[in-house]
>>> print(open('coords18.pdb').read())   # PDB, C-alpha atoms and all ligand atoms
ATOM      1  CA  MET A 244       0.000   0.000   0.000  1.00  0.00           C
ATOM      2  CA  PHE A 245       1.479   3.294  -1.096  1.00  0.00           C
ATOM      3  CA  CYS A 246      -1.226   5.692  -0.028  1.00  0.00           C
ATOM      4  CA  LYS A 247      -4.355   6.019   2.032  1.00  0.00           C
ATOM      5  CA  CYS A 248      -7.360   7.529   0.351  1.00  0.00           C
ATOM      6  CA  TYR A 249      -9.725   9.570   2.565  1.00  0.00           C
ATOM      7  CA  GLN A 250     -13.021  11.275   1.879  1.00  0.00           C
ATOM      8  CA  HIS A 251     -12.509  15.060   1.810  1.00  0.00           C
ATOM      9  CA  PRO A 252     -13.934  16.477   5.085  1.00  0.00           C
ATOM     10  CA  THR A 253     -16.000  19.237   3.460  1.00  0.00           C
ATOM     11  CA  ASP A 254     -16.435  18.266  -0.186  1.00  0.00           C
ATOM     12  CA  VAL A 255     -18.038  14.908  -1.001  1.00  0.00           C
ATOM     13  CA  GLU A 256     -16.860  15.139  -4.605  1.00  0.00           C
ATOM     14  CA  LYS A 257     -13.225  15.019  -3.542  1.00  0.00           C
ATOM     15  CA  CYS A 258     -10.851  12.640  -1.801  1.00  0.00           C
ATOM     16  CA  ILE A 259      -7.418  13.155  -0.280  1.00  0.00           C
ATOM     17  CA  LYS A 260      -4.512  10.790  -0.755  1.00  0.00           C
ATOM     18  CA  VAL A 261      -1.834  10.662   1.894  1.00  0.00           C
ATOM     19  CA  PRO A 262       1.335   8.665   1.181  1.00  0.00           C
ATOM     20  CA  THR A 263       2.080   5.849   3.642  1.00  0.00           C
ATOM     21  CA  ASP A 264       5.479   5.255   5.267  1.00  0.00           C
ATOM     22  CA  ASN A 265       6.458   2.963   2.421  1.00  0.00           C
ATOM     23  CA  LYS A 266       9.787   4.158   1.054  1.00  0.00           C
ATOM     24  CA  LYS A 267       8.491   4.394  -2.499  1.00  0.00           C
ATOM     25  CA  ALA A 268       5.163   6.082  -1.652  1.00  0.00           C
ATOM     26  CA  LYS A 269       6.167   9.727  -1.945  1.00  0.00           C
ATOM     27  CA  LYS A 270       8.271   9.142  -5.034  1.00  0.00           C
ATOM     28  CA  ARG A 271       5.401   7.383  -6.772  1.00  0.00           C
ATOM     29  CA  LEU A 272       2.916  10.126  -5.944  1.00  0.00           C
ATOM     30  CA  ARG A 273       5.335  12.810  -7.082  1.00  0.00           C
ATOM     31  CA  ALA A 274       5.833  11.003 -10.400  1.00  0.00           C
ATOM     32  CA  ASP A 275       2.055  10.771 -10.862  1.00  0.00           C
ATOM     33  CA  LEU A 276       1.674  14.489 -10.146  1.00  0.00           C
ATOM     34  CA  ARG A 277       4.447  15.407 -12.587  1.00  0.00           C
ATOM     35  CA  TYR A 278       2.604  13.481 -15.240  1.00  0.00           C
ATOM     36  CA  TYR A 279      -0.712  15.172 -14.354  1.00  0.00           C
ATOM     37  CA  ARG A 280       0.972  18.533 -14.900  1.00  0.00           C
ATOM     38  CA  LYS A 281       2.121  17.414 -18.323  1.00  0.00           C
ATOM     39  CA  LEU A 282      -1.366  16.148 -19.249  1.00  0.00           C
ATOM     40  CA  TYR A 283      -2.996  19.420 -18.126  1.00  0.00           C
ATOM     41  CA  LYS A 284      -0.384  21.474 -19.955  1.00  0.00           C
ATOM     42  CA  ASP A 285      -0.931  19.489 -23.176  1.00  0.00           C
ATOM     43  CA  LYS A 286      -4.736  19.746 -22.702  1.00  0.00           C
ATOM     44  CA  VAL A 287      -5.132  15.991 -23.013  1.00  0.00           C
ATOM     45  CA  ASN A 288      -8.647  14.539 -22.876  1.00  0.00           C
ATOM     46  CA  LEU A 289      -8.988  13.303 -19.279  1.00  0.00           C
ATOM     47  CA  ASP A 290     -12.386  11.615 -19.565  1.00  0.00           C
ATOM     48  CA  HIS A 291     -11.009   8.385 -18.084  1.00  0.00           C
ATOM     49  CA  ILE A 292      -8.582   9.775 -15.508  1.00  0.00           C
ATOM     50  CA  ALA A 293      -9.584  11.121 -12.060  1.00  0.00           C
ATOM     51  CA  ASP A 294      -8.925  14.882 -11.848  1.00  0.00           C
ATOM     52  CA  TYR A 295      -6.165  16.195  -9.619  1.00  0.00           C
ATOM     53  CA  TYR A 296      -6.844  19.468  -7.778  1.00  0.00           C
ATOM     54  CA  GLY A 297      -3.692  20.182  -5.775  1.00  0.00           C
ATOM     55  CA  GLN A 298      -1.926  19.750  -2.476  1.00  0.00           C
ATOM     56  CA  CYS A 299      -3.315  20.328   1.034  1.00  0.00           C
ATOM     57  CA  GLU A 300      -2.187  19.988   4.634  1.00  0.00           C
ATOM     58  CA  THR A 301      -3.605  17.154   6.738  1.00  0.00           C
ATOM     59  CA  SER A 302      -3.011  15.942  10.296  1.00  0.00           C
ATOM     60  CA  GLN A 303      -0.829  13.240   8.709  1.00  0.00           C
ATOM     61  CA  GLY A 304       1.289  15.592   6.631  1.00  0.00           C
ATOM     62  CA  ALA A 305       0.955  16.609   2.994  1.00  0.00           C
ATOM     63  CA  GLY A 306      -2.164  15.362   1.227  1.00  0.00           C
ATOM     64  CA  TYR A 307      -3.133  15.391  -2.433  1.00  0.00           C
ATOM     65  CA  VAL A 308      -6.671  16.252  -3.483  1.00  0.00           C
ATOM     66  CA  PHE A 309      -8.356  14.260  -6.264  1.00  0.00           C
ATOM     67  CA  GLN A 310     -11.808  13.974  -7.732  1.00  0.00           C
ATOM     68  CA  CYS A 311     -13.622  11.211  -5.885  1.00  0.00           C
ATOM     69  CA  VAL A 312     -14.996   8.797  -8.495  1.00  0.00           C
ATOM     70  CA  LYS A 313     -18.620   7.990  -7.690  1.00  0.00           C
ATOM     71  CA  ASP A 314     -21.599   6.091  -9.052  1.00  0.00           C
ATOM     72  CA  HIS A 315     -24.979   7.682  -9.791  1.00  0.00           C
ATOM     73  CA  ASP A 316     -26.210   6.775  -6.279  1.00  0.00           C
ATOM     74  CA  GLY A 317     -23.380   8.711  -4.589  1.00  0.00           C
ATOM     75  CA  ASN A 318     -21.415   5.636  -3.507  1.00  0.00           C
ATOM     76  CA  VAL A 319     -17.697   5.573  -4.226  1.00  0.00           C
ATOM     77  CA  SER A 320     -17.187   3.524  -7.397  1.00  0.00           C
ATOM     78  CA  ARG A 321     -15.875  -0.011  -6.973  1.00  0.00           C
ATOM     79  CA  THR A 322     -12.656  -1.324  -8.452  1.00  0.00           C
ATOM     80  CA  LEU A 323     -12.357  -3.350 -11.620  1.00  0.00           C
ATOM     81  CA  GLU A 324     -11.181  -6.233  -9.437  1.00  0.00           C
ATOM     82  CA  HIS A 325     -14.510  -6.148  -7.612  1.00  0.00           C
ATOM     83  CA  TYR A 326     -16.506  -6.406 -10.845  1.00  0.00           C
ATOM     84  CA  LEU A 327     -14.305  -9.118 -12.320  1.00  0.00           C
ATOM     85  CA  ASN A 328     -15.135 -11.229  -9.281  1.00  0.00           C
ATOM     86  CA  SER A 329     -18.830 -10.413  -9.048  1.00  0.00           C
ATOM     87  CA  GLN A 330     -21.824 -11.713 -10.955  1.00  0.00           C
ATOM     88  CA  ASP A 331     -23.097  -8.156 -11.117  1.00  0.00           C
ATOM     89  CA  VAL A 332     -22.119  -7.153 -14.619  1.00  0.00           C
ATOM     90  CA  ASP A 333     -21.931  -8.551 -18.103  1.00  0.00           C
ATOM     91  CA  LEU A 334     -18.243  -9.436 -18.441  1.00  0.00           C
ATOM     92  CA  GLU A 335     -18.277  -9.277 -22.252  1.00  0.00           C
ATOM     93  CA  GLN A 336     -19.563  -5.697 -22.001  1.00  0.00           C
ATOM     94  CA  LEU A 337     -16.902  -4.886 -19.420  1.00  0.00           C
ATOM     95  CA  TYR A 338     -14.072  -6.294 -21.583  1.00  0.00           C
ATOM     96  CA  SER A 339     -15.325  -4.295 -24.508  1.00  0.00           C
ATOM     97  CA  LEU A 340     -15.300  -1.097 -22.383  1.00  0.00           C
ATOM     98  CA  LEU A 341     -11.775  -1.902 -21.237  1.00  0.00           C
ATOM     99  CA  HIS A 342     -10.705  -2.377 -24.828  1.00  0.00           C
ATOM    100  CA  ASP A 343     -12.141   1.111 -25.510  1.00  0.00           C
ATOM    101  CA  LEU A 344     -10.199   2.419 -22.500  1.00  0.00           C
ATOM    102  CA  ALA A 345      -6.971   0.989 -23.931  1.00  0.00           C
ATOM    103  CA  THR A 346      -7.725   2.599 -27.307  1.00  0.00           C
ATOM    104  CA  TYR A 347      -8.335   5.909 -25.525  1.00  0.00           C
ATOM    105  CA  LEU A 348      -4.918   5.638 -23.829  1.00  0.00           C
ATOM    106  CA  VAL A 349      -3.233   5.012 -27.172  1.00  0.00           C
ATOM    107  CA  GLU A 350      -5.143   7.780 -28.990  1.00  0.00           C
ATOM    108  CA  ASN A 351      -4.255  10.305 -26.320  1.00  0.00           C
ATOM    109  CA  ARG A 352      -0.785   8.854 -25.731  1.00  0.00           C
ATOM    110  CA  ILE A 353      -1.346   8.485 -21.997  1.00  0.00           C
ATOM    111  CA  MET A 354       1.285   6.337 -20.314  1.00  0.00           C
ATOM    112  CA  ILE A 355       0.346   4.179 -17.355  1.00  0.00           C
ATOM    113  CA  GLY A 356       3.256   2.944 -15.273  1.00  0.00           C
ATOM    114  CA  ASP A 357       1.173   0.727 -13.034  1.00  0.00           C
ATOM    115  CA  ILE A 358      -1.860  -0.740 -14.780  1.00  0.00           C
ATOM    116  CA  HIS A 359      -3.659  -2.828 -12.215  1.00  0.00           C
ATOM    117  CA  TYR A 360      -7.275  -3.793 -11.577  1.00  0.00           C
ATOM    118  CA  ASN A 361      -7.306  -1.877  -8.298  1.00  0.00           C
ATOM    119  CA  ASN A 362      -6.180   1.297 -10.033  1.00  0.00           C
ATOM    120  CA  ILE A 363      -9.222   1.302 -12.341  1.00  0.00           C
ATOM    121  CA  LEU A 364     -12.644   2.132 -10.939  1.00  0.00           C
ATOM    122  CA  ILE A 365     -15.884   1.395 -12.763  1.00  0.00           C
ATOM    123  CA  ARG A 366     -18.283   4.321 -12.540  1.00  0.00           C
ATOM    124  CA  ARG A 367     -21.894   3.207 -12.946  1.00  0.00           C
ATOM    125  CA  ASP A 368     -24.676   5.443 -14.210  1.00  0.00           C
ATOM    126  CA  SER A 369     -28.395   5.138 -13.527  1.00  0.00           C
ATOM    127  CA  GLU A 370     -29.039   3.262 -16.816  1.00  0.00           C
ATOM    128  CA  GLY A 371     -26.541   0.531 -15.951  1.00  0.00           C
ATOM    129  CA  GLY A 372     -23.808   2.106 -18.091  1.00  0.00           C
ATOM    130  CA  MET A 373     -20.206   1.726 -16.936  1.00  0.00           C
ATOM    131  CA  THR A 374     -17.218   4.037 -17.403  1.00  0.00           C
ATOM    132  CA  PRO A 375     -13.705   2.928 -16.432  1.00  0.00           C
ATOM    133  CA  VAL A 376     -11.713   5.639 -14.635  1.00  0.00           C
ATOM    134  CA  ILE A 377      -8.011   5.360 -13.767  1.00  0.00           C
ATOM    135  CA  VAL A 378      -7.190   6.611 -10.255  1.00  0.00           C
ATOM    136  CA  ASP A 379      -3.552   5.660  -9.748  1.00  0.00           C
ATOM    137  CA  GLY A 380      -0.312   4.775 -11.518  1.00  0.00           C
ATOM    138  CA  ILE A 381      -0.318   7.215 -14.420  1.00  0.00           C
ATOM    139  CA  GLY A 382       2.924   8.277 -16.073  1.00  0.00           C
ATOM    140  CA  ASP A 383       6.049   6.315 -16.815  1.00  0.00           C
ATOM    141  CA  ARG A 384       7.960   4.936 -13.875  1.00  0.00           C
ATOM    142  CA  VAL A 385      11.301   4.569 -15.564  1.00  0.00           C
ATOM    143  CA  ALA A 386      14.448   6.631 -15.012  1.00  0.00           C
ATOM    144  CA  ILE A 387      15.013   7.628 -18.612  1.00  0.00           C
ATOM    145  CA  THR A 388      11.959   9.013 -20.388  1.00  0.00           C
ATOM    146  CA  ILE A 389      13.592  10.799 -23.307  1.00  0.00           C
ATOM    147  CA  LEU A 390      12.401   8.183 -25.814  1.00  0.00           C
ATOM    148  CA  ASN A 391       8.815   9.000 -24.840  1.00  0.00           C
ATOM    149  CA  ALA A 392       9.114  12.082 -27.011  1.00  0.00           C
ATOM    150  CA  ILE A 393       8.918   9.739 -30.007  1.00  0.00           C
ATOM    151  CA  PRO A 394       5.192   9.053 -30.586  1.00  0.00           C
ATOM    152  CA  LYS A 395       5.630   5.627 -32.178  1.00  0.00           C
ATOM    153  CA  PHE A 396       7.818   4.488 -29.281  1.00  0.00           C
ATOM    154  CA  THR A 397       5.275   5.746 -26.726  1.00  0.00           C
ATOM    155  CA  ILE A 398       2.383   4.060 -28.501  1.00  0.00           C
ATOM    156  CA  SER A 399       4.176   0.691 -28.679  1.00  0.00           C
ATOM    157  CA  LYS A 400       4.990   0.976 -24.990  1.00  0.00           C
ATOM    158  CA  ILE A 401       1.369   1.729 -24.059  1.00  0.00           C
ATOM    159  CA  ILE A 402       0.181  -1.240 -26.125  1.00  0.00           C
ATOM    160  CA  ARG A 403       2.819  -3.593 -24.692  1.00  0.00           C
ATOM    161  CA  ARG A 404       1.983  -2.634 -21.121  1.00  0.00           C
ATOM    162  CA  TRP A 405      -1.749  -2.851 -21.697  1.00  0.00           C
ATOM    163  CA  ASN A 406      -1.454  -6.305 -23.249  1.00  0.00           C
ATOM    164  CA  ARG A 407       0.730  -7.534 -20.395  1.00  0.00           C
ATOM    165  CA  PHE A 408      -1.928  -6.346 -17.938  1.00  0.00           C
ATOM    166  CA  SER A 409      -4.697  -7.778 -20.051  1.00  0.00           C
ATOM    167  CA  LEU A 410      -3.115 -11.222 -20.237  1.00  0.00           C
ATOM    168  CA  LYS A 411      -2.468 -11.239 -16.496  1.00  0.00           C
ATOM    169  CA  GLN A 412      -5.686  -9.795 -15.098  1.00  0.00           C
ATOM    170  CA  LEU A 413      -8.266  -9.684 -17.881  1.00  0.00           C
ATOM    171  CA  ASP A 414      -9.106 -11.703 -20.906  1.00  0.00           C
ATOM    172  CA  SER A 415      -7.859 -11.947 -24.472  1.00  0.00           C
ATOM    173  CA  ASN A 416     -10.918  -9.955 -25.589  1.00  0.00           C
ATOM    174  CA  ALA A 417      -9.394  -6.825 -24.100  1.00  0.00           C
ATOM    175  CA  LEU A 418      -6.063  -7.184 -25.928  1.00  0.00           C
ATOM    176  CA  LEU A 419      -4.941  -4.473 -28.326  1.00  0.00           C
ATOM    177  CA  ASP A 420      -3.794  -5.378 -31.803  1.00  0.00           C
ATOM    178  CA  GLU A 421      -0.476  -3.644 -32.299  1.00  0.00           C
ATOM    179  CA  ASN A 422      -0.890  -3.683 -36.090  1.00  0.00           C
ATOM    180  CA  ASN A 423      -4.339  -2.197 -36.038  1.00  0.00           C
ATOM    181  CA  CYS A 424      -4.207   0.573 -33.521  1.00  0.00           C
ATOM    182  CA  PRO A 425      -5.080   4.237 -33.869  1.00  0.00           C
ATOM    183  CA  SER A 426      -1.890   6.187 -34.573  1.00  0.00           C
ATOM    184  CA  LYS A 427      -3.392   9.350 -36.040  1.00  0.00           C
ATOM    185  CA  LYS A 428      -1.563  11.487 -33.562  1.00  0.00           C
ATOM    186  CA  ALA A 429       1.726   9.742 -34.247  1.00  0.00           C
ATOM    187  CA  ASP A 430       1.909  10.998 -37.828  1.00  0.00           C
TER     188      ASP A 430
HETATM  189  N1  LIG B   1     -10.031   9.224  -6.987  1.00  0.00           N
HETATM  190  C1  LIG B   1     -10.546   8.202  -6.311  1.00  0.00           C
HETATM  191  N2  LIG B   1     -11.899   8.085  -6.157  1.00  0.00           N
HETATM  192  C2  LIG B   1     -12.419   7.036  -5.457  1.00  0.00           C
HETATM  193  N3  LIG B   1     -11.689   6.053  -4.893  1.00  0.00           N
HETATM  194  C3  LIG B   1     -10.354   6.093  -5.030  1.00  0.00           C
HETATM  195  C4  LIG B   1      -9.717   7.176  -5.730  1.00  0.00           C
HETATM  196  N4  LIG B   1      -8.382   6.966  -5.696  1.00  0.00           N
HETATM  197  C5  LIG B   1      -8.194   5.824  -5.011  1.00  0.00           C
HETATM  198  N5  LIG B   1      -9.359   5.287  -4.604  1.00  0.00           N
HETATM  199  C6  LIG B   1      -9.534   4.010  -3.863  1.00  0.00           C
HETATM  200  O1  LIG B   1      -8.439   3.811  -2.977  1.00  0.00           O
HETATM  201  C7  LIG B   1      -7.703   2.635  -3.374  1.00  0.00           C
HETATM  202  C8  LIG B   1      -6.208   2.900  -3.154  1.00  0.00           C
HETATM  203  O2  LIG B   1      -5.820   4.042  -3.856  1.00  0.00           O
HETATM  204  P1  LIG B   1      -4.513   4.072  -4.754  1.00  0.00           P
HETATM  205  O3  LIG B   1      -4.313   5.466  -5.223  1.00  0.00           O
HETATM  206  O4  LIG B   1      -4.621   3.010  -5.819  1.00  0.00           O
HETATM  207  O5  LIG B   1      -3.415   3.699  -3.666  1.00  0.00           O
HETATM  208  P2  LIG B   1      -2.172   2.702  -3.666  1.00  0.00           P
HETATM  209  O6  LIG B   1      -1.005   3.576  -3.979  1.00  0.00           O
HETATM  210  O7  LIG B   1      -2.123   2.187  -2.290  1.00  0.00           O
HETATM  211  O8  LIG B   1      -2.370   1.656  -4.711  1.00  0.00           O
HETATM  212  C9  LIG B   1      -8.081   2.382  -4.828  1.00  0.00           C
HETATM  213  O9  LIG B   1      -7.945   1.019  -5.184  1.00  0.00           O
HETATM  214  C10 LIG B   1      -9.521   2.849  -4.854  1.00  0.00           C
HETATM  215  O10 LIG B   1     -10.388   1.824  -4.386  1.00  0.00           O
HETATM  216 MG    MG B   2      -3.176   1.657  -6.522  1.00  0.00          MG
END
>>> encode(input="coords18.pdb", output="C-alpha cells", more="lines below")
Ligand SMILES: Nc1ncnc2c1ncn2[C@@H]1O[C@H](COP(=O)(O)OP(=O)(O)O)[C@@H](O)[C@H]1O
Ligand SMILES: [Mg+2]
Amino acid sequence: MFCKCYQHPTDVEKCIKVPTDNKKAKKRLRADLRYYRKLYKDKVNLDHIADYYGQCETSQGAGYVFQCVKDHDGNVSRTLEHYLNSQDVDLEQLYSLLHDLATYLVENRIMIGDIHYNNILIRRDSEGGMTPVIVDGIGDRVAITILNAIPKFTISKIIRRWNRFSLKQLDSNALLDENNCPSKKAD
C-alpha cells in the first residue's frame, strides 16, 4: 500500500490521498503528479482519468486532493477487481469497455506505469452504463523518459503494457492489436 485515500472532510466530490510510510510512496505520488501537470499542460482529454486538484495539509502531513470517483447513487465507485469477481455485470460488455479504455490511452498517448485492476474504478450510471476511470499509476515509472518524445515508441509501450496487464488480469478480448491501432496522432 502506497497511499491512504480519505473522503474530503468538506467536499463529497473530492478525496485526499496521503502517502504511507512505504519508502516508495512519496516518489510514486510525485511522479504521478508530474505526469498530471504534463497532461494538463498538453490539454489531453482526461475523460477516463480522475482529476487532480492540488496539495493540502492534513493531520498526517501533505495530502493530495483528487476527484472522488462515484456512481450515480453517490457511492464511491468499486474497483475493476470487484466487478471481475462479481456476478453483477456482463463481463463481455466490461471487456469491450476496457478495450475502448486501452484505445483511448493510445489515442491520447497516456502512459500508465502501473496498470492494475485496483487502479481502475468502474463508474456506474443510472441506466446501468459503466465508465472505467483510472485513479492511480499514471505516467512512466522509468528513469530515462527521453524516448517518450517519439510518438511511435510511446504508442508501442502503451500497447505492450496494456497487453501484459490484459493477459495477467483480464481476458484476451481486451487485448490491443499492435498492427491495427489508432496512430493518427503519431503521424
Ligand atoms: N479518486 C478516487 N476516487 C475514489 N476512490 C479512489 C480514488 N483513488 C483511489 N481510490 C480508492 O483507494 C484505493 C487505493 O488508492 P490508490 O491510489 O490506488 O493507492 P495505492 O497507492 O495504495 O495503490 C483504490 O484502489 C480505490 O479503491
Ligand atoms: Mg493503486
>>> resolve_selection(input="coords18.pdb", expression="the PyMOL selection byres (((not hetatm)) within 12 of (chain B and resi 2))", output="list in words")
Met244, Phe245, Cys246, Lys247, Cys248, Lys260, Pro262, Ala268, Arg271, Leu272, Asp275, Thr322, Leu323, Glu324, Ile355, Gly356, Asp357, Ile358, His359, Tyr360, Asn361, Asn362, Ile363, Leu364, Ile377, Val378, Asp379, Gly380 and Ile381 of chain A
>>> resolve_selection(input="coords18.pdb", expression="the PyMOL selection byres (((chain A and resi 347) around 12) and not hetatm)", output="VMD selection string")
chain A and resid 287 to 292 340 to 346 348 to 354 375 to 377 398 401 to 402 405 419 424 to 426 428
>>> atom_distance(input="coords18.pdb", atom1="atom C8 of ligand LIG 1 (chain B)", atom2="CA of Ser320 in chain A")
11.8 Å
>>> atom_distance(input="coords18.pdb", atom1="CA of Gln298 in chain A", atom2="CA of Asp316 in chain A")
27.8 Å
>>> closest_residue(input="coords18.pdb", among="A:Ala417, A:Ala274, A:Val308, A:Met373", to="ligand LIG 1 (chain B)", atoms="all atoms listed in the file")
A:Val308
>>> closest_residue(input="coords18.pdb", among="A:Ser329, A:Ser409, A:Ser339, A:Ser399", to="Glu421 in chain A", atoms="only C-alpha atoms")
A:Ser399
